[in-house]
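Report on the following structure.
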2 protein chains.
Amino acid sequence: MPARRKSCSCSASLKCRECALKRVCLPASLSDVELEQLEGIIRHNRRLRKQEYLFRANEATRQVYALRSGALKTCLTRRDGSELVTGFVFPGELVGLDAFGGEQFPSHAMALEASVVCVIPLAPLEELVGTSARLRRTLLKSMSHELHSEQQHLSHNRESAGQRFIAFLRDLSVRNGRRGLSPTQLILPMTRAEIGSYLGLTTETISRLFTRYRQLGLIESNGREVRLLDVASLLQLERLDSHEAACLVG
Amino acid sequence: MPARRKSCSCSASLKCRECALKRVCLPASLSDVELEQLEGIIRHNRRLRKQEYLFRANEATRQVYALRSGALKTCLTRRDGSELVTGFVFPGELVGLDAFGGEQFPSHAMALEASVVCVIPLAPLEELVGTSARLRRTLLKSMSHELHSEQQHLSHNRESAGQRFIAFLRDLSVRNGRRGLSPTQLILPMTRAEIGSYLGLTTETISRLFTRYRQLGLIESNGREVRLLDVASLLQLERLDSHEAACLVG
DNA sequence: CGTAGGTTTGATTCAAATCAATGTGGGTGG
DNA sequence: CCACCCACATTGATTTGAATCAAACCTACG
């Protein structure tokens, strides 16, 4: 394994208390004292360039991460060596929670654009989870939320390409909203191929979907900028089964 | 909501210490003292008849469960009301871990055959997780293992019907082995339709897969009894991509 | 300016869904 | 005890949605 290059400059770190994301991140619901303890173990501000790995599969699991800015993808490597995108990570979200399980990460995480993450060493975190009931709650909640959203993702795999695509847009929209950004104005940090991998579709299909929904007047899109125009219709299409949807779309 | 009918007879309960499954269940790796504390909060021996719900979606999440005998399926209800099987549960495995997240279960769990479960109330469990580092480890491990196996499941969704089917059989085989049962002699507690729902395929396709692999001499099967004959070839088929597999199978 | 990575569009193929019967075994009631 | 029934399973014919194959076409960047 080549010596890992740290692009991190570890500049004077912005603490959780002053972080704009504290209401959606791990600190949510912690008391001041607990927050201080948490801050004590977190290393803030590790910078990642676009395309840089945050961690790789098989790397020892000594820490989990919270994304502060930018965007990540998490991927599994298939037996044939190809990459399967298992999720996207946006600011305020935790990454690497599967680290608790074993000695090594089963997946890897890569920056889709220049990003900053907070690094949370596992051992002290586990310790702190023991002493703080609230932190325990929050962490368990995060993990089971993750579990839940994986199930959601799984359940979409039985739906038509169009429905998966809309569900994807809606998910991004919701997550945008949670951070206080516009729920209709999306800037996609990922390529069509990555969306495809995530949704179990090909690049070509994703491209056709953009075209289709643009022509239907439900979205505007230009490259990676997407605007949701007719949210009501989108939601309706999402919950229709494919036969009904076909009728509606003509 | 109708008053919940308890089929449970709560007979003099077999404690964890004497349980044949203690090496694969939550008690694994706990000290004697911790084990005693854990036993103190668990209600053992709730009996479920075939088809009986262990919990339903939207039910308040006050407890998680460990399966002692029998088999369960866990399901999500889709928007159109249909049921999506998200997993199967075998003895020694935990169920309902997504309960930590919110107030209500997102999914439901139903007995595929007469079963017995241990009931673990959440509040005291969380407490105990605070005081026992080992229990904490074990639980976090369980949850992240769950996360990991959901990812596995997800990744299979990109593979051909045949590969998913074999991966399914292998998974059952491994889990059988872990409980000390034969890894080649399987008794399926679920219907073809349930397998199909779980794998994202139709009943007919599942049926054809049984026929195909039986004809290829890789398995024997008669109704719900399955015997894995040529495990080496099965494993090889599983890791081949569909094109290569087609060549091999002819 | 040229090239590479990403995207779009079109023609064709293919794996699994769907539609349609038929078969079968285990349990119930007469 | 048998016969009927019903849920489950199998098998075959046909359709279809997305993959694959095959070209362009951007556009950002060295």
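Please note that chains go A, B, ... in the order of the structure tokens, that every chain numbers its residues from 1, and that ligands are numbered from 1 in the order shown.
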
Practice problem: Name the residues in contact with Leu76 of chain A at a cut-off of 10 Å, using only C-alpha atoms (C1' of nucleotides), excluding same-chain residues fewer than 3 positions from it; report them as number ranges by chain. | Solution: A: 56-57, 79, 81-87, 105-109; B: 151-152, 155

Quiz item: Do you know which residues are at most 12 Å from Leu139 of chain A counting only C-alpha atoms (C1' of nucleotides), after dropping those on the same chain fewer than 2 positions away, and could you put them as number ranges by chain?
Solution: A: 25-30, 64, 93-95, 97, 100, 125-126, 128-130, 132-137, 141-146; B: 100-101, 126, 136, 140, 143-144

Emit the selected residues as a PDB file, in the first residue's frame, including C-alpha atoms.
ATOM      1  CA  CYS A  25     -25.134  16.866  12.567  1.00  0.00           C
ATOM      2  CA  LEU A  26     -24.094  14.713  15.503  1.00  0.00           C
ATOM      3  CA  PRO A  27     -24.209  17.643  17.984  1.00  0.00           C
ATOM      4  CA  ALA A  28     -27.962  17.924  17.504  1.00  0.00           C
ATOM      5  CA  SER A  29     -29.674  17.634  20.886  1.00  0.00           C
ATOM      6  CA  LEU A  30     -26.506  17.464  22.956  1.00  0.00           C
ATOM      7  CA  VAL A  64     -15.944   7.722  11.488  1.00  0.00           C
ATOM      8  CA  GLU A  93     -24.203  13.662   7.435  1.00  0.00           C
ATOM      9  CA  LEU A  94     -22.102  10.924   8.993  1.00  0.00           C
ATOM     10  CA  VAL A  95     -20.001   8.495   6.963  1.00  0.00           C
ATOM     11  CA  LEU A  97     -20.813   4.013  10.411  1.00  0.00           C
ATOM     12  CA  PHE A 100     -18.261  -0.277  14.121  1.00  0.00           C
ATOM     13  CA  LEU A 125     -16.447   8.040  20.614  1.00  0.00           C
ATOM     14  CA  GLU A 126     -17.472   4.636  21.912  1.00  0.00           C
ATOM     15  CA  LEU A 128     -18.325   8.893  25.176  1.00  0.00           C
ATOM     16  CA  VAL A 129     -21.337   6.951  23.960  1.00  0.00           C
ATOM     17  CA  GLY A 130     -21.096   5.038  27.208  1.00  0.00           C
ATOM     18  CA  SER A 132     -23.690  10.265  27.433  1.00  0.00           C
ATOM     19  CA  ALA A 133     -27.186   8.849  27.045  1.00  0.00           C
ATOM     20  CA  ARG A 134     -28.081  11.572  24.615  1.00  0.00           C
ATOM     21  CA  LEU A 135     -25.129  10.947  22.375  1.00  0.00           C
ATOM     22  CA  ARG A 136     -25.963   7.258  22.534  1.00  0.00           C
ATOM     23  CA  ARG A 137     -29.494   8.007  21.386  1.00  0.00           C
ATOM     24  CA  LYS A 141     -30.675   6.896  15.752  1.00  0.00           C
ATOM     25  CA  SER A 142     -28.215   7.736  13.009  1.00  0.00           C
ATOM     26  CA  MET A 143     -27.387   4.108  12.468  1.00  0.00           C
ATOM     27  CA  SER A 144     -30.936   2.909  12.385  1.00  0.00           C
ATOM     28  CA  HIS A 145     -31.820   5.824  10.140  1.00  0.00           C
ATOM     29  CA  GLU A 146     -29.102   4.629   7.822  1.00  0.00           C
TER      30      GLU A 146
ATOM     31  CA  PHE B 100     -33.721   2.692  17.763  1.00  0.00           C
ATOM     32  CA  GLY B 101     -34.350   5.275  15.149  1.00  0.00           C
ATOM     33  CA  GLU B 126     -30.004   1.262  26.111  1.00  0.00           C
ATOM     34  CA  ARG B 136     -22.107  -1.820  23.407  1.00  0.00           C
ATOM     35  CA  LEU B 140     -23.012  -1.681  17.428  1.00  0.00           C
ATOM     36  CA  MET B 143     -26.218  -2.962  13.665  1.00  0.00           C
ATOM     37  CA  SER B 144     -23.325  -2.293  11.380  1.00  0.00           C
TER      38      SER B 144
END

Quiz item: Mind pulling up the distance from atom CA of Glu159 of chain A to atom CA of Asp230 of chain A?
Solution: 21.0 Å

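DSSP annotation of segment 145-244 of chain A from backbone atoms: strand (DSSP E or B) residues are Gln185, Leu186, Ile187, Ile219, Glu220, Ser221, Asn222, Glu225, Val226, Arg227 and Leu228 of chain A.
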
Exercise. Compile the residues of chain B that lie within 8 Å of chain C, evaluated using only C-alpha atoms (C1' of nucleotides), and express the compilation as number ranges by chain.
Key: B: 201-202, 205

Quiz item: Near chain A, which residues of chain D fall within 9 Å when you count only C-alpha atoms (C1' of nucleotides), and what do they look like as a PyMOL selection string?
Solution: chain D and resi 17-19

Output file for the residues above (C-alpha atoms (C1' of nucleotides), as a PDB file, in the first residue's frame):
ATOM      1  C1'  DG D  17     -38.313  -2.018 -20.441  1.00  0.00           C
ATOM      2  C1'  DA D  18     -33.872  -1.278 -19.996  1.00  0.00           C
ATOM      3  C1'  DA D  19     -29.263  -2.966 -21.507  1.00  0.00           C
TER       4       DA D  19
END

Exercise. Considering only C-alpha atoms, state which residue in the set A:Ala193, A:Leu35, A:Ile187, A:Arg43 is at the smallest distance from Gly70 of chain A.
Key: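 Counting only C-alpha atoms, the residue closest to Gly70 of chain A is A:Ile187.
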
Quiz item: Of the candidates A:Asn176, A:Ser69, A:Thr184, A:Thr77, which shows the shortest atom-to-atom distance to chain B, using only C-alpha atoms?
Solution: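 Among the listed residues, A:Thr77 lies closest to chain B.
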
Could you pull out the residues in segment 100-170 of chain B that DSSP calls helix (DSSP H, G or I) from the backbone, as an mmCIF file with C-alpha atoms, in the first residue's frame?
data_model
loop_
_atom_site.group_PDB
_atom_site.id
_atom_site.type_symbol
_atom_site.label_atom_id
_atom_site.label_comp_id
_atom_site.auth_asym_id
_atom_site.auth_seq_id
_atom_site.Cartn_x
_atom_site.Cartn_y
_atom_site.Cartn_z
ATOM 1 C CA PHE B 100 -33.721 2.692 17.763
ATOM 2 C CA LEU B 122 -35.434 -0.925 24.617
ATOM 3 C CA ALA B 123 -35.082 1.417 27.546
ATOM 4 C CA PRO B 124 -33.216 -0.957 29.877
ATOM 5 C CA LEU B 125 -31.182 -2.238 26.951
ATOM 6 C CA GLU B 126 -30.004 1.262 26.111
ATOM 7 C CA GLU B 127 -29.166 1.748 29.771
ATOM 8 C CA LEU B 128 -27.212 -1.470 29.875
ATOM 9 C CA VAL B 129 -25.417 -0.494 26.681
ATOM 10 C CA GLY B 130 -24.217 2.536 28.608
ATOM 11 C CA THR B 131 -22.666 0.527 31.414
ATOM 12 C CA ALA B 133 -18.672 -1.668 26.923
ATOM 13 C CA ARG B 134 -18.791 -5.198 25.633
ATOM 14 C CA LEU B 135 -22.521 -5.164 25.122
ATOM 15 C CA ARG B 136 -22.107 -1.820 23.407
ATOM 16 C CA ARG B 137 -19.564 -3.330 21.044
ATOM 17 C CA THR B 138 -21.774 -6.295 20.340
ATOM 18 C CA LEU B 139 -24.823 -4.194 19.616
ATOM 19 C CA LEU B 140 -23.012 -1.681 17.428
ATOM 20 C CA LYS B 141 -21.455 -4.615 15.667
ATOM 21 C CA SER B 142 -24.858 -6.159 15.082
ATOM 22 C CA MET B 143 -26.218 -2.962 13.665
ATOM 23 C CA SER B 144 -23.325 -2.293 11.380
ATOM 24 C CA HIS B 145 -23.372 -5.916 10.306
ATOM 25 C CA GLU B 146 -26.991 -5.423 9.397
ATOM 26 C CA LEU B 147 -26.007 -2.310 7.460
ATOM 27 C CA HIS B 148 -23.376 -4.278 5.679
ATOM 28 C CA SER B 149 -25.632 -7.135 4.730
ATOM 29 C CA GLU B 150 -28.233 -4.711 3.394
ATOM 30 C CA GLN B 151 -25.522 -3.325 1.168
ATOM 31 C CA GLN B 152 -24.666 -6.804 0.017
ATOM 32 C CA HIS B 153 -28.283 -7.415 -0.743
ATOM 33 C CA LEU B 154 -28.451 -4.162 -2.635
ATOM 34 C CA SER B 155 -25.383 -4.981 -4.665
ATOM 35 C CA HIS B 156 -26.953 -8.252 -5.758
ATOM 36 C CA ALA B 161 -31.494 -13.548 -11.723
ATOM 37 C CA GLY B 162 -29.320 -16.656 -11.562
ATOM 38 C CA GLN B 163 -26.586 -14.976 -9.571
ATOM 39 C CA ARG B 164 -29.015 -13.489 -7.101
ATOM 40 C CA PHE B 165 -30.613 -16.863 -6.637
ATOM 41 C CA ILE B 166 -27.310 -18.582 -5.958
ATOM 42 C CA ALA B 167 -26.230 -15.806 -3.609
ATOM 43 C CA PHE B 168 -29.486 -16.358 -1.763
ATOM 44 C CA LEU B 169 -28.878 -20.080 -1.411
ATOM 45 C CA ARG B 170 -25.318 -19.459 -0.288
#

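Distances from B:Arg175, B:Arg158, B:Arg192, B:Arg212 to chain A were compared using only C-alpha atoms, and the smallest one belongs to B:Arg158.
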